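Raw contents of model_30.csv, CSV, C-alpha atoms:
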chain,number,residue,atom,x,y,z
A,1,MET,CA,33.4,3.9,7.9
A,2,ILE,CA,29.7,3.4,8.8
A,3,THR,CA,27.7,6.6,9.2
A,4,ASN,CA,24.3,7.0,10.6
A,5,GLU,CA,22.8,9.1,7.9
A,6,ARG,CA,19.2,10.3,8.6
A,7,ASP,CA,17.0,12.3,6.3
A,8,ASP,CA,15.9,15.4,8.3
A,9,LYS,CA,12.6,15.3,6.5
A,10,LEU,CA,11.6,12.0,8.2
A,11,LYS,CA,9.8,13.0,11.4
A,12,VAL,CA,8.2,9.7,12.4
A,13,LEU,CA,11.2,7.3,12.2
A,14,GLY,CA,13.0,7.3,15.6
A,15,SER,CA,10.4,9.3,17.4
A,16,SER,CA,7.7,8.3,19.9
A,17,THR,CA,4.7,6.8,18.2
A,18,ASP,CA,1.4,8.7,18.1
A,19,TYR,CA,-1.4,6.7,16.6
A,20,SER,CA,-4.1,8.5,14.6
A,21,PHE,CA,-7.4,6.8,14.9
A,22,ASP,CA,-8.8,8.7,11.9
A,23,TYR,CA,-7.8,8.4,8.3
A,24,ASN,CA,-4.7,10.6,7.8
A,25,PRO,CA,-2.7,10.5,4.6
A,26,ASP,CA,-0.5,13.3,5.9
A,27,ILE,CA,1.3,10.7,8.1
A,28,LEU,CA,3.0,9.2,5.0
A,29,GLU,CA,6.7,10.2,4.7
A,30,VAL,CA,9.1,9.5,1.8
A,31,PHE,CA,12.8,9.5,1.3
A,32,ASP,CA,15.1,9.6,-1.7
A,33,ASN,CA,15.6,6.4,-3.8
A,34,LYS,CA,19.3,5.9,-4.0
A,35,HIS,CA,18.9,3.7,-7.1
A,36,PRO,CA,16.5,5.6,-9.3
A,37,ASN,CA,18.0,4.2,-12.6
A,38,ASN,CA,17.3,0.6,-11.5
A,39,ASP,CA,13.9,-1.0,-11.8
A,40,TYR,CA,13.3,-3.1,-8.7
A,41,TRP,CA,10.5,-4.2,-6.5
A,42,VAL,CA,9.7,-3.1,-3.0
A,43,LYS,CA,7.0,-5.2,-1.3
A,44,PHE,CA,5.1,-4.7,1.9
A,45,ASN,CA,3.0,-7.4,3.5
A,46,CYS,CA,0.7,-5.8,6.1
A,47,PRO,CA,-1.3,-8.6,7.9
A,48,GLU,CA,-3.0,-6.4,10.5
A,49,PHE,CA,-5.1,-4.0,8.5
A,50,THR,CA,-8.5,-3.0,9.9
A,51,SER,CA,-11.2,-0.6,8.7
A,52,LEU,CA,-14.9,-0.3,9.4
A,53,CYS,CA,-17.8,-1.3,7.2
A,54,PRO,CA,-19.5,2.0,6.3
A,55,MET,CA,-23.0,0.4,6.7
A,56,THR,CA,-22.7,-1.7,9.9
A,57,LYS,CA,-19.7,-0.1,11.5
A,58,GLN,CA,-18.3,-3.6,12.1
A,59,PRO,CA,-14.6,-4.1,11.8
A,60,ASP,CA,-13.1,-5.6,8.7
A,61,PHE,CA,-9.7,-7.3,8.8
A,62,ALA,CA,-7.3,-7.9,5.9
A,63,THR,CA,-3.8,-8.5,4.8
A,64,ILE,CA,-2.7,-5.7,2.5
A,65,TYR,CA,0.0,-6.4,-0.1
A,66,ILE,CA,1.7,-3.3,-1.5
A,67,SER,CA,4.3,-3.8,-4.3
A,68,TYR,CA,5.9,-0.9,-6.1
A,69,ILE,CA,8.8,0.0,-8.4
A,70,PRO,CA,10.2,3.3,-7.1
A,71,GLN,CA,11.1,6.2,-9.1
A,72,LEU,CA,12.7,9.1,-7.1
A,73,LYS,CA,11.0,8.6,-3.7
A,74,MET,CA,10.2,5.7,-1.5
A,75,VAL,CA,7.8,5.4,1.4
A,76,GLU,CA,9.2,5.1,4.9
A,77,SER,CA,7.8,1.9,6.5
A,78,LYS,CA,7.0,3.2,10.0
A,79,SER,CA,4.9,6.1,8.5
A,80,LEU,CA,3.2,3.5,6.2
A,81,LYS,CA,2.4,1.4,9.3
A,82,LEU,CA,0.9,4.5,11.1
A,83,TYR,CA,-1.0,5.5,7.9
A,84,LEU,CA,-2.5,2.1,7.5
A,85,PHE,CA,-3.5,2.2,11.2
A,86,SER,CA,-5.3,5.4,10.6
A,87,PHE,CA,-7.9,3.4,8.7
A,88,ARG,CA,-8.9,1.8,12.0
A,89,ASN,CA,-12.0,3.9,12.4
A,90,HIS,CA,-12.4,4.8,8.8
A,91,GLY,CA,-15.7,3.6,7.3
A,92,ASP,CA,-15.3,2.6,3.6
A,93,PHE,CA,-15.9,-0.4,1.5
A,94,HIS,CA,-12.9,-2.7,0.9
A,95,GLU,CA,-12.6,-1.7,-2.8
A,96,ASP,CA,-12.5,2.0,-1.8
A,97,CYS,CA,-9.9,1.5,0.9
A,98,MET,CA,-7.5,-0.2,-1.6
A,99,ASN,CA,-7.9,2.5,-4.2
A,100,ILE,CA,-7.5,5.2,-1.6
A,101,ILE,CA,-4.3,3.6,-0.3
A,102,MET,CA,-2.9,3.3,-3.8
A,103,LYS,CA,-3.8,6.9,-4.8
A,104,ASP,CA,-2.2,8.3,-1.6
A,105,LEU,CA,1.0,6.4,-2.2
A,106,VAL,CA,1.1,7.5,-5.9
A,107,LYS,CA,0.6,11.1,-4.7
A,108,VAL,CA,3.6,11.1,-2.3
A,109,MET,CA,6.0,8.8,-4.2
A,110,GLN,CA,5.1,9.0,-7.9
A,111,PRO,CA,6.3,5.4,-8.4
A,112,LYS,CA,7.0,3.9,-11.8
A,113,TYR,CA,4.5,1.2,-10.9
A,114,ILE,CA,2.4,0.2,-7.9
A,115,GLU,CA,-0.2,-2.4,-7.0
A,116,VAL,CA,-2.3,-2.8,-3.9
A,117,TRP,CA,-4.1,-6.0,-3.1
A,118,GLY,CA,-6.3,-6.5,0.0
A,119,LYS,CA,-7.3,-10.0,1.1
A,120,PHE,CA,-10.1,-9.5,3.6
A,121,THR,CA,-11.3,-12.1,6.1
A,122,PRO,CA,-14.8,-13.4,5.4
A,123,ARG,CA,-17.9,-11.8,6.8
A,124,GLY,CA,-21.2,-13.3,6.1
A,125,GLY,CA,-19.4,-16.2,4.4
A,126,ILE,CA,-17.8,-14.0,1.7
A,127,SER,CA,-14.2,-12.7,1.5
A,128,ILE,CA,-13.5,-9.8,-0.8
A,129,ASP,CA,-10.0,-9.4,-2.3
A,130,PRO,CA,-9.8,-6.1,-4.3
A,131,TYR,CA,-6.8,-5.4,-6.5
A,132,CYS,CA,-5.8,-2.1,-8.1
A,133,ASN,CA,-2.7,-0.9,-9.9
A,134,TYR,CA,-1.1,2.1,-11.5
A,135,GLY,CA,1.8,2.8,-13.8
A,136,MET,CA,3.5,6.0,-14.8
A,137,ASP,CA,2.6,7.4,-18.2
A,138,ASN,CA,5.0,5.6,-20.5
A,139,GLU,CA,4.6,2.6,-22.7
A,140,LYS,CA,6.6,0.2,-20.5
A,141,PHE,CA,4.7,0.8,-17.3
A,142,GLN,CA,1.3,1.2,-19.0
A,143,ASN,CA,1.8,-2.2,-20.6
A,144,MET,CA,2.7,-3.6,-17.2
A,145,VAL,CA,-0.5,-2.1,-15.8
A,146,GLN,CA,-2.6,-4.0,-18.4
A,147,TYR,CA,-0.7,-7.2,-18.1
A,148,ARG,CA,-0.8,-7.3,-14.3
A,149,MET,CA,-4.4,-6.4,-14.2
A,150,LEU,CA,-5.3,-9.3,-16.6
A,151,ASN,CA,-3.0,-11.8,-14.9
A,152,HIS,CA,-2.9,-10.8,-11.3
A,153,ASP,CA,-4.7,-13.9,-10.0
A,154,LEU,CA,-3.8,-16.7,-12.4
A,155,TYR,CA,-2.9,-19.0,-9.5
A,156,PRO,CA,-5.5,-18.3,-6.9
A,157,GLU,CA,-4.8,-19.5,-3.4
A,158,ASN,CA,-6.7,-22.3,-1.8
A,159,ILE,CA,-9.0,-20.5,0.7
A,160,ASP,CA,-9.1,-22.2,4.0
A,161,ASN,CA,-11.4,-19.7,5.7
A,162,ARG,CA,-8.2,-17.6,6.2
What is this file in structure tokens?
Amino acid sequence: MITNERDDKLKVLGSSTDYSFDYNPDILEVFDNKHPNNDYWVKFNCPEFTSLCPMTKQPDFATIYISYIPQLKMVESKSLKLYLFSFRNHGDFHEDCMNIIMKDLVKVMQPKYIEVWGKFTPRGGISIDPYCNYGMDNEKFQNMVQYRMLNHDLYPENIDNR
């Protein structure tokens, strides 16, 4: 029999959408990982990220790649979408935005491992692609942090002005 189970803690999923135009990490919602003893990847590709340059206030556009190995909690995708949208009027450098996103996700999920990679469109003829990662404090995931950091871009893409 198929049941429609819903976690009562999820407020955003299934409700009308209110967009926050200011950075708001409180939007993020999590739910229980039903397979906490398995190591597996969850990946999000977010091609419509925008933030503001803190100096010029011009918009910056990026595709954000979020990959994580969940532990006990997982992020709910609609809340993630609204959270990323909350950067719309947030003024910070690309590198700061990626580290903020990663740290906010670590705080709410406490994943075994996570990486966040932003691929920004060029402004002034330069694209910036910051990458950051985190692993829980055990040998397996700390080794993964080091390995992925050293090897995250071994096969760089051919940039065609995005």
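You will find CA of Tyr68 (chain A) at 6.3 Å from CA of Glu115 (chain A).
Atom pair CA of Ser77 (chain A) / CA of Pro111 (chain A) has a distance of 15.4 Å (rounded to one decimal).
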Quiz item: Excluding same-chain residues fewer than 6 positions from region 32-38 of chain A, what lies within 6 Å of it counting all atoms listed in the file, as a VMD selection string?
Solution: chain A and resid 71 to 74
Save the residues we just selected, C-alpha atoms, as a PDB file, in the frame of the given file?
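Saved file again.pdb follows:
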ATOM      1  CA  GLN A  71      11.100   6.200  -9.100  1.00  0.00           C
ATOM      2  CA  LEU A  72      12.700   9.100  -7.100  1.00  0.00           C
ATOM      3  CA  LYS A  73      11.000   8.600  -3.700  1.00  0.00           C
ATOM      4  CA  MET A  74      10.200   5.700  -1.500  1.00  0.00           C
TER       5      MET A  74
END
Quiz item: So what do you get for CA of Ile128 (chain A) versus CA of Trp41 (chain A), distance-wise?
Solution: 25.3 Å
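Residue neighbourhood of Tyr134 (chain A), excluding near-sequence residues (fewer than 5 positions): Met102, Lys103, Val106, Pro111, Lys112, Tyr113, Ile114, Glu115, Phe141, Gln142, Met144 and Val145 of chain A, at 9 Å, using all atoms listed in the file.
Shortest separation to Cys53 (chain A) among A:Asn89, A:Ser127, A:Ser79, A:Gln110 occurs at residue A:Asn89, atoms counted being all atoms listed in the file.
Take the candidates A:Lys140, A:His152, A:Lys107, A:Lys57 and check each one against Arg88 (chain A) using only C-alpha atoms; the shortest distance goes to A:Lys57.
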Practice problem: Taking the point (2.5, 0.6, 4.5) as given in the file, collect each protein or nucleic acid residue that comes within 12 Å of it, counting all atoms listed in the file, and present the set as a VMD selection string. | Solution: chain A and resid 25 27 to 30 42 to 49 63 to 68 74 to 87 98 101 to 102 104 to 105 116
Output region 87-117 of chain A as a CSV table (one decimal), in the coordinates of the input, making sure N, CA and C atoms are there.
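What landed in rebuild-v9.csv:
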chain,number,residue,atom,x,y,z
A,87,PHE,N,-6.7,3.9,9.3
A,87,PHE,CA,-7.9,3.4,8.7
A,87,PHE,C,-8.8,2.7,9.8
A,88,ARG,N,-8.2,2.5,11.0
A,88,ARG,CA,-8.9,1.8,12.0
A,88,ARG,C,-10.3,2.2,12.2
A,89,ASN,N,-10.6,3.4,12.2
A,89,ASN,CA,-12.0,3.9,12.4
A,89,ASN,C,-12.6,4.5,11.2
A,90,HIS,N,-12.0,4.2,10.0
A,90,HIS,CA,-12.4,4.8,8.8
A,90,HIS,C,-13.5,3.9,8.2
A,91,GLY,N,-14.6,4.4,7.8
A,91,GLY,CA,-15.7,3.6,7.3
A,91,GLY,C,-15.7,3.7,5.7
A,92,ASP,N,-15.3,2.7,5.1
A,92,ASP,CA,-15.3,2.6,3.6
A,92,ASP,C,-15.3,1.2,3.2
A,93,PHE,N,-15.9,0.9,2.0
A,93,PHE,CA,-15.9,-0.4,1.5
A,93,PHE,C,-14.5,-0.9,1.1
A,94,HIS,N,-14.2,-2.2,1.1
A,94,HIS,CA,-12.9,-2.7,0.9
A,94,HIS,C,-12.3,-2.2,-0.4
A,95,GLU,N,-13.1,-2.1,-1.5
A,95,GLU,CA,-12.6,-1.7,-2.8
A,95,GLU,C,-12.1,-0.2,-2.7
A,96,ASP,N,-12.9,0.6,-1.9
A,96,ASP,CA,-12.5,2.0,-1.8
A,96,ASP,C,-11.2,2.1,-1.0
A,97,CYS,N,-11.1,1.4,0.1
A,97,CYS,CA,-9.9,1.5,0.9
A,97,CYS,C,-8.6,1.2,0.1
A,98,MET,N,-8.7,0.1,-0.8
A,98,MET,CA,-7.5,-0.2,-1.6
A,98,MET,C,-7.1,0.9,-2.6
A,99,ASN,N,-8.2,1.4,-3.2
A,99,ASN,CA,-7.9,2.5,-4.2
A,99,ASN,C,-7.4,3.8,-3.5
A,100,ILE,N,-7.9,4.1,-2.3
A,100,ILE,CA,-7.5,5.2,-1.6
A,100,ILE,C,-6.0,5.1,-1.2
A,101,ILE,N,-5.6,3.9,-0.7
A,101,ILE,CA,-4.3,3.6,-0.3
A,101,ILE,C,-3.3,3.8,-1.5
A,102,MET,N,-3.7,3.2,-2.6
A,102,MET,CA,-2.9,3.3,-3.8
A,102,MET,C,-2.7,4.7,-4.3
A,103,LYS,N,-3.8,5.5,-4.3
A,103,LYS,CA,-3.8,6.9,-4.8
A,103,LYS,C,-2.9,7.7,-3.9
A,104,ASP,N,-3.1,7.5,-2.5
A,104,ASP,CA,-2.2,8.3,-1.6
A,104,ASP,C,-0.8,8.0,-1.8
A,105,LEU,N,-0.4,6.7,-2.0
A,105,LEU,CA,1.0,6.4,-2.2
A,105,LEU,C,1.5,6.9,-3.6
A,106,VAL,N,0.7,6.9,-4.6
A,106,VAL,CA,1.1,7.5,-5.9
A,106,VAL,C,1.3,9.0,-5.7
A,107,LYS,N,0.5,9.6,-4.9
A,107,LYS,CA,0.6,11.1,-4.7
A,107,LYS,C,2.0,11.4,-4.0
A,108,VAL,N,2.3,10.7,-3.0
A,108,VAL,CA,3.6,11.1,-2.3
A,108,VAL,C,4.8,10.5,-2.9
A,109,MET,N,4.8,9.4,-3.6
A,109,MET,CA,6.0,8.8,-4.2
A,109,MET,C,6.2,9.0,-5.6
A,110,GLN,N,5.1,9.0,-6.4
A,110,GLN,CA,5.1,9.0,-7.9
A,110,GLN,C,6.0,7.8,-8.4
A,111,PRO,N,5.6,6.6,-8.0
A,111,PRO,CA,6.3,5.4,-8.4
A,111,PRO,C,6.2,5.2,-9.9
A,112,LYS,N,7.1,4.4,-10.4
A,112,LYS,CA,7.0,3.9,-11.8
A,112,LYS,C,5.8,3.0,-11.9
A,113,TYR,N,5.6,2.2,-10.9
A,113,TYR,CA,4.5,1.2,-10.9
A,113,TYR,C,4.2,0.9,-9.5
A,114,ILE,N,2.9,0.6,-9.2
A,114,ILE,CA,2.4,0.2,-7.9
A,114,ILE,C,1.2,-0.6,-8.0
A,115,GLU,N,1.0,-1.6,-7.1
A,115,GLU,CA,-0.2,-2.4,-7.0
A,115,GLU,C,-0.5,-2.6,-5.5
A,116,VAL,N,-1.8,-2.6,-5.2
A,116,VAL,CA,-2.3,-2.8,-3.9
A,116,VAL,C,-3.4,-3.8,-3.9
A,117,TRP,N,-3.2,-4.9,-3.1
A,117,TRP,CA,-4.1,-6.0,-3.1
A,117,TRP,C,-4.5,-6.2,-1.6
